[in-house]
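J.: Provided below: structure_5.csv, containing CSV, C-alpha atoms.
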chain,number,residue,atom,x,y,z
A,1,MET,CA,60.6,32.3,-62.1
A,2,LYS,CA,58.2,34.2,-59.9
A,3,CYS,CA,56.2,35.1,-63.0
A,4,ASN,CA,55.8,31.5,-64.0
A,5,GLN,CA,54.8,30.5,-60.4
A,6,THR,CA,52.2,33.3,-60.4
A,7,PHE,CA,50.9,32.2,-63.8
A,8,GLU,CA,50.6,28.5,-62.7
A,9,MET,CA,48.9,29.6,-59.5
A,10,THR,CA,46.4,31.7,-61.4
A,11,LYS,CA,45.8,28.8,-63.8
A,12,LYS,CA,45.1,26.4,-61.0
A,13,ILE,CA,42.7,28.8,-59.3
A,14,ARG,CA,40.9,29.4,-62.6
A,15,ASN,CA,40.6,25.7,-63.3
A,16,THR,CA,39.3,25.1,-59.8
A,17,ILE,CA,36.7,27.8,-60.2
A,18,ILE,CA,35.6,26.3,-63.5
A,19,VAL,CA,35.3,22.8,-62.0
A,20,ILE,CA,33.3,24.1,-59.0
A,21,LEU,CA,31.0,26.0,-61.4
A,22,GLY,CA,30.6,22.9,-63.5
A,23,VAL,CA,29.7,20.8,-60.6
A,24,LEU,CA,27.2,23.3,-59.3
A,25,PHE,CA,25.6,23.5,-62.8
A,26,VAL,CA,25.3,19.8,-63.1
A,27,TYR,CA,23.9,19.4,-59.6
A,28,SER,CA,21.4,22.3,-60.2
A,29,PHE,CA,20.2,20.5,-63.3
A,30,ILE,CA,19.8,17.2,-61.5
A,31,SER,CA,18.0,19.0,-58.6
A,32,LEU,CA,15.6,20.7,-61.0
A,33,THR,CA,14.9,17.4,-62.8
A,34,VAL,CA,14.2,15.7,-59.4
A,35,SER,CA,12.0,18.6,-58.5
A,36,ASN,CA,9.9,18.2,-61.6
A,37,SER,CA,9.2,14.6,-60.9
A,38,ILE,CA,8.8,14.6,-57.1
A,39,SER,CA,5.1,15.1,-57.2
A,40,LYS,CA,4.6,11.9,-59.1
A,41,ASP,CA,6.7,10.0,-56.6
A,42,TYR,CA,4.3,10.8,-53.8
A,43,GLY,CA,1.1,10.0,-55.9
A,44,VAL,CA,0.2,6.6,-57.2
A,45,ASP,CA,3.9,5.5,-57.2
A,46,PHE,CA,3.9,5.8,-53.4
A,47,ASN,CA,1.0,3.3,-53.0
A,48,GLU,CA,3.2,0.3,-52.0
A,49,LYS,CA,4.3,2.2,-48.8
A,50,ARG,CA,0.8,3.3,-48.1
A,51,ILE,CA,-0.4,-0.3,-48.2
A,52,GLU,CA,2.5,-1.4,-46.0
A,53,LEU,CA,1.4,1.1,-43.4
A,54,GLY,CA,-2.3,0.2,-43.7
A,55,ILE,CA,-3.7,3.3,-45.3
A,56,LYS,CA,-5.8,3.7,-48.4
A,57,PRO,CA,-3.9,3.9,-51.7
A,58,LEU,CA,-4.7,6.1,-54.6
A,59,THR,CA,-6.3,4.4,-57.6
A,60,GLU,CA,-7.3,5.3,-61.2
A,61,ASN,CA,-10.5,6.7,-59.8
A,62,TRP,CA,-8.6,9.6,-58.1
A,63,THR,CA,-7.8,13.0,-59.6
A,64,LEU,CA,-4.9,15.3,-58.6
A,65,ASP,CA,-6.8,18.6,-58.4
A,66,SER,CA,-3.9,20.8,-57.4
A,67,ILE,CA,-0.3,21.1,-56.2
A,68,ALA,CA,-0.1,24.1,-53.9
A,69,LEU,CA,3.0,25.9,-52.5
A,70,GLN,CA,2.6,26.5,-48.8
A,71,PRO,CA,3.8,29.6,-46.9
A,72,PRO,CA,7.1,29.1,-45.0
A,73,ILE,CA,5.3,29.0,-41.7
A,74,ALA,CA,1.8,27.4,-41.9
A,75,GLY,CA,-0.4,24.7,-40.3
A,76,VAL,CA,-1.9,21.9,-42.3
A,77,MET,CA,-4.3,23.9,-44.6
A,78,CYS,CA,-3.8,23.2,-48.3
A,79,PHE,CA,-3.9,26.7,-49.7
A,80,PRO,CA,-4.5,27.3,-53.4
A,81,SER,CA,-1.3,27.7,-55.3
A,82,THR,CA,-2.3,31.1,-56.6
A,83,TRP,CA,-2.0,32.5,-53.1
A,84,ARG,CA,1.7,31.9,-52.7
A,85,THR,CA,5.0,32.5,-54.6
A,86,THR,CA,8.5,31.2,-54.1
A,87,SER,CA,9.6,34.8,-53.3
A,88,GLU,CA,8.2,34.3,-49.8
A,89,TYR,CA,11.1,31.8,-49.1
A,90,LYS,CA,14.7,32.7,-48.4
A,91,PHE,CA,17.4,31.7,-50.9
A,92,LEU,CA,17.9,27.9,-50.8
A,93,GLU,CA,15.2,27.5,-48.1
A,94,ASP,CA,13.3,24.2,-48.2
A,95,LYS,CA,9.8,24.7,-49.7
A,96,ARG,CA,6.6,23.1,-48.5
A,97,TYR,CA,4.0,21.8,-50.9
A,98,CYS,CA,0.7,19.9,-50.7
A,99,GLN,CA,-1.2,17.8,-53.3
A,100,TYR,CA,-5.0,17.8,-53.1
A,101,TRP,CA,-6.6,14.6,-54.5
A,102,THR,CA,-10.3,13.8,-54.8
A,103,ASN,CA,-12.2,10.6,-55.5
A,104,ARG,CA,-14.1,10.8,-58.8
A,105,ASN,CA,-15.9,7.5,-58.4
A,106,LYS,CA,-17.8,7.6,-55.1
A,107,ASP,CA,-21.3,6.8,-54.0
A,108,THR,CA,-22.3,9.5,-51.6
A,109,SER,CA,-25.4,7.6,-50.4
A,110,ILE,CA,-23.1,5.3,-48.4
A,111,PRO,CA,-19.8,5.9,-46.4
A,112,TYR,CA,-17.0,6.9,-48.8
A,113,HIS,CA,-13.4,8.1,-49.1
A,114,LYS,CA,-13.7,11.7,-50.0
A,115,SER,CA,-10.2,13.2,-50.4
A,116,LYS,CA,-6.5,12.9,-49.7
A,117,ILE,CA,-4.0,15.7,-49.0
A,118,ILE,CA,-0.3,14.9,-49.3
A,119,TYR,CA,2.3,17.3,-47.8
A,120,PHE,CA,5.9,17.1,-48.9
A,121,THR,CA,9.2,19.1,-48.8
A,122,GLU,CA,11.1,20.2,-51.8
A,123,SER,CA,14.7,21.3,-51.3
A,124,TYR,CA,17.7,22.3,-53.4
A,125,TRP,CA,19.5,19.5,-51.5
A,126,ILE,CA,18.2,16.3,-53.0
A,127,TRP,CA,18.6,14.2,-49.8
A,128,LYS,CA,16.2,16.6,-48.0
A,129,TYR,CA,13.2,15.7,-50.2
A,130,GLU,CA,10.6,14.0,-48.1
A,131,ILE,CA,6.9,13.3,-47.6
A,132,THR,CA,5.8,14.6,-44.2
A,133,LEU,CA,2.0,14.3,-43.7
A,134,GLU,CA,-1.0,12.7,-45.4
A,135,TYR,CA,-4.6,13.5,-44.6
A,136,ASP,CA,-7.5,11.3,-45.6
A,137,THR,CA,-11.1,12.4,-45.2
A,138,TYR,CA,-14.0,9.9,-45.0
A,139,ILE,CA,-17.7,10.7,-44.9
A,140,ASN,CA,-20.6,8.7,-43.4
A,141,PRO,CA,-23.8,10.3,-44.7
A,142,ASN,CA,-26.0,7.9,-42.7
A,143,SER,CA,-25.4,9.2,-39.2
A,144,GLU,CA,-28.2,8.8,-36.7
A,145,LEU,CA,-26.8,11.6,-34.5
A,146,ALA,CA,-26.0,14.3,-37.1
A,147,GLU,CA,-26.3,15.3,-40.8
A,148,TYR,CA,-23.2,13.3,-41.5
A,149,GLU,CA,-20.0,12.0,-39.8
A,150,GLU,CA,-16.5,13.1,-40.9
A,151,LEU,CA,-13.5,11.0,-40.1
A,152,GLU,CA,-10.1,12.8,-40.7
A,153,VAL,CA,-7.1,10.5,-40.6
A,154,SER,CA,-3.6,11.9,-40.4
A,155,THR,CA,-0.5,9.8,-41.3
A,156,HIS,CA,2.7,11.2,-39.9
A,157,TRP,CA,5.4,9.8,-42.2
A,158,TRP,CA,8.4,10.7,-40.1
A,159,SER,CA,7.2,8.5,-37.2
A,160,LYS,CA,4.9,6.1,-39.2
A,161,GLU,CA,2.1,7.0,-36.8
A,162,ILE,CA,-1.6,7.3,-37.7
A,163,TYR,CA,-4.3,9.3,-35.8
A,164,GLY,CA,-7.9,10.0,-36.4
A,165,HIS,CA,-10.5,12.7,-35.5
A,166,LEU,CA,-14.2,12.0,-35.7
A,167,ALA,CA,-16.7,14.8,-36.1
A,168,HIS,CA,-20.5,14.7,-36.1
A,169,MET,CA,-21.5,17.5,-38.4
A,170,LYS,CA,-24.7,19.6,-38.4
A,171,ASN,CA,-25.0,23.0,-40.1
A,172,GLY,CA,-21.3,23.0,-40.8
A,173,GLU,CA,-20.3,22.6,-37.1
A,174,ASP,CA,-19.1,19.6,-35.0
A,175,LEU,CA,-21.6,18.6,-32.4
A,176,LEU,CA,-18.7,17.3,-30.3
A,177,ILE,CA,-20.5,14.1,-29.5
A,178,ASP,CA,-17.2,12.2,-29.5
A,179,PHE,CA,-15.2,15.0,-28.0
A,180,GLU,CA,-13.3,13.1,-25.3
A,181,PRO,CA,-11.3,10.7,-27.6
A,182,ASN,CA,-10.4,13.7,-29.7
A,183,ARG,CA,-8.8,15.8,-27.0
A,184,SER,CA,-5.2,14.7,-27.5
A,185,MET,CA,-3.0,16.7,-29.8
A,186,TYR,CA,-3.4,14.3,-32.7
A,187,GLY,CA,-6.7,12.6,-31.9
A,188,PHE,CA,-7.3,8.9,-31.3
A,189,GLU,CA,-4.9,6.2,-32.5
A,190,LYS,CA,-4.9,3.8,-35.5
A,191,SER,CA,-6.9,1.0,-33.7
A,192,LYS,CA,-10.0,3.2,-33.4
A,193,VAL,CA,-9.5,4.5,-37.0
A,194,ASP,CA,-9.6,0.9,-38.2
A,195,LYS,CA,-12.6,0.1,-36.1
A,196,ILE,CA,-14.6,3.0,-37.5
A,197,LEU,CA,-13.6,2.2,-41.1
A,198,LYS,CA,-14.7,-1.4,-40.6
A,199,GLN,CA,-18.0,-0.2,-39.2
A,200,TRP,CA,-18.4,1.9,-42.4
A,201,ASN,CA,-17.4,-1.0,-44.6
A,202,LEU,CA,-14.3,0.9,-45.9
A,203,LYS,CA,-11.7,-1.5,-44.6
Can you turn what I pasted into structure tokens?

T.:
Amino acid sequence: MKCNQTFEMTKKIRNTIIVILGVLFVYSFISLTVSNSISKDYGVDFNEKRIELGIKPLTENWTLDSIALQPPIAGVMCFPSTWRTTSEYKFLEDKRYCQYWTNRNKDTSIPYHKSKIIYFTESYWIWKYEITLEYDTYINPNSELAEYEELEVSTHWWSKEIYGHLAHMKNGEDLLIDFEPNRSMYGFEKSKVDKILKQWNLK
């Protein structure tokens, strides 16, 4: 009797382990499939949400130059992917990536939209996938005060807030002409971003 009970218990444990391993295998396969497609989700396919928020979408004139793995602790620099490896992350730790997009069809004699950087998180846990930040860079080559003006616009997707920073560049340095409005942590708010883009005929 005891022998039969032990056998049945062992069988149940074995079957439970097989089921758990099967579920983990299927989930891992699904997670890997999602991982391989996530970059596309935040590219052109994400344009509808960009338009809803009032930021520039990606078009057929844009090229995805690179998808770079970020270090576990980093700022908002889009490092080349060859600098980093997944070994820098702990087991099952969420990984941070950035996409670097450039505008192939631009007239550099007038104000233009130069580049877009998209930051997103990839996780083993599918529900933790998310887009976090988006940076758009606009250039005005016709500045009266400097060699050119550079407007950097950051979109914080977790809060749906948009901020801008305007630099007047000469010899690779910001002349800090518009320093006061840029002194807050994120720069000036969306209303001024829109005003500048309208002045540059980009909105």

J.: I'd like to know which of A:Thr63, A:His156, A:Thr102, A:Gln70 is closest to Glu130 (chain A), using only C-alpha atoms.

T.: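 Going through A:Thr63, A:His156, A:Thr102, A:Gln70 one by one, the smallest distance to Glu130 (chain A) is for A:His156.
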
J.: For CA of Glu144 (chain A) and CA of Lys56 (chain A), quote the distance in Å rounded to one decimal.

T.: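 A separation of 25.8 Å between them.
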
J.: Which residue, A:Ser123, A:Gln99, A:Ser66, A:Ser143, has the smallest gap to Asp41 (chain A) when you use only C-alpha atoms?

T.: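 Checking each candidate against Asp41 (chain A), we get A:Gln99 as the closest.
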
J.: Between A:Lys90, A:Glu134, A:Trp125, A:Asn105, which residue has the minimum interatomic distance to Gly43 (chain A), considering all atoms listed in the file?

T.: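 Looking only at the distances to Gly43 (chain A), the closest residue turns out to be A:Glu134.
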
J.: Taking (-15.3, 10.5, -57.4) in the file's coordinates, which residues come within 9 Å, counting all atoms listed in the file, written as a count of residues only?

T.: 11

J.: Determine, counting only C-alpha atoms, every residue of protein, DNA or RNA that lies within 12 Å of (-3.9, 15.6, -49.4) in the file coordinates, then give the result as a JSON list (two decimals) with C-alpha atoms, keeping the file's coordinate frame.

T.:
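Written file, out37.json:
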[["chain", "number", "residue", "atom", "x", "y", "z"],
["A", 39, "SER", "CA", 5.10, 15.10, -57.20],
["A", 42, "TYR", "CA", 4.30, 10.80, -53.80],
["A", 43, "GLY", "CA", 1.10, 10.00, -55.90],
["A", 57, "PRO", "CA", -3.90, 3.90, -51.70],
["A", 58, "LEU", "CA", -4.70, 6.10, -54.60],
["A", 62, "TRP", "CA", -8.60, 9.60, -58.10],
["A", 63, "THR", "CA", -7.80, 13.00, -59.60],
["A", 64, "LEU", "CA", -4.90, 15.30, -58.60],
["A", 65, "ASP", "CA", -6.80, 18.60, -58.40],
["A", 66, "SER", "CA", -3.90, 20.80, -57.40],
["A", 67, "ILE", "CA", -0.30, 21.10, -56.20],
["A", 68, "ALA", "CA", -0.10, 24.10, -53.90],
["A", 76, "VAL", "CA", -1.90, 21.90, -42.30],
["A", 77, "MET", "CA", -4.30, 23.90, -44.60],
["A", 78, "CYS", "CA", -3.80, 23.20, -48.30],
["A", 79, "PHE", "CA", -3.90, 26.70, -49.70],
["A", 97, "TYR", "CA", 4.00, 21.80, -50.90],
["A", 98, "CYS", "CA", 0.70, 19.90, -50.70],
["A", 99, "GLN", "CA", -1.20, 17.80, -53.30],
["A", 100, "TYR", "CA", -5.00, 17.80, -53.10],
["A", 101, "TRP", "CA", -6.60, 14.60, -54.50],
["A", 102, "THR", "CA", -10.30, 13.80, -54.80],
["A", 103, "ASN", "CA", -12.20, 10.60, -55.50],
["A", 114, "LYS", "CA", -13.70, 11.70, -50.00],
["A", 115, "SER", "CA", -10.20, 13.20, -50.40],
["A", 116, "LYS", "CA", -6.50, 12.90, -49.70],
["A", 117, "ILE", "CA", -4.00, 15.70, -49.00],
["A", 118, "ILE", "CA", -0.30, 14.90, -49.30],
["A", 119, "TYR", "CA", 2.30, 17.30, -47.80],
["A", 120, "PHE", "CA", 5.90, 17.10, -48.90],
["A", 131, "ILE", "CA", 6.90, 13.30, -47.60],
["A", 132, "THR", "CA", 5.80, 14.60, -44.20],
["A", 133, "LEU", "CA", 2.00, 14.30, -43.70],
["A", 134, "GLU", "CA", -1.00, 12.70, -45.40],
["A", 135, "TYR", "CA", -4.60, 13.50, -44.60],
["A", 136, "ASP", "CA", -7.50, 11.30, -45.60],
["A", 137, "THR", "CA", -11.10, 12.40, -45.20],
["A", 152, "GLU", "CA", -10.10, 12.80, -40.70],
["A", 153, "VAL", "CA", -7.10, 10.50, -40.60],
["A", 154, "SER", "CA", -3.60, 11.90, -40.40],
["A", 155, "THR", "CA", -0.50, 9.80, -41.30]]

J.: CA of Tyr112 (chain A) and CA of Leu197 (chain A) are how many Å apart?

T.: 9.6 Å

J.: Enter the distance from CA of Lys95 (chain A) to CA of Glu122 (chain A), in Å, rounded to one decimal.

T.: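 Value for the CA of Lys95 (chain A)-CA of Glu122 (chain A) distance: 5.1 Å.
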
J.: Residues near Lys190 (chain A), anyone? I mean within 9 Å using only C-alpha atoms, not counting same-chain ones fewer than 4 positions away, as a ChimeraX atom specification.

T.: /A:153,161-164,194-195

J.: With C-alpha atoms retained, export the selected residues as a PDB file, in the coordinates of the input.

T.:
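Done, and the output landed in selection_30.pdb:
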ATOM      1  CA  VAL A 153      -7.100  10.500 -40.600  1.00  0.00           C
ATOM      2  CA  GLU A 161       2.100   7.000 -36.800  1.00  0.00           C
ATOM      3  CA  ILE A 162      -1.600   7.300 -37.700  1.00  0.00           C
ATOM      4  CA  TYR A 163      -4.300   9.300 -35.800  1.00  0.00           C
ATOM      5  CA  GLY A 164      -7.900  10.000 -36.400  1.00  0.00           C
ATOM      6  CA  ASP A 194      -9.600   0.900 -38.200  1.00  0.00           C
ATOM      7  CA  LYS A 195     -12.600   0.100 -36.100  1.00  0.00           C
TER       8      LYS A 195
END

J.: Between A:Ile51, A:Ile110, A:Ala146, A:Leu69, which one has atoms that come closest to Glu173 (chain A), using all atoms listed in the file?

T.: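 Of the candidates, the smallest distance to Glu173 (chain A) is held by A:Ala146.
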
J.: Given the choices A:His165, A:Ile177, A:Phe91, A:Trp200, which gets closest to Pro141 (chain A) if the distance is worked out from all atoms listed in the file?

T.: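 Nearest candidate to Pro141 (chain A) out of A:His165, A:Ile177, A:Phe91, A:Trp200: A:Trp200.
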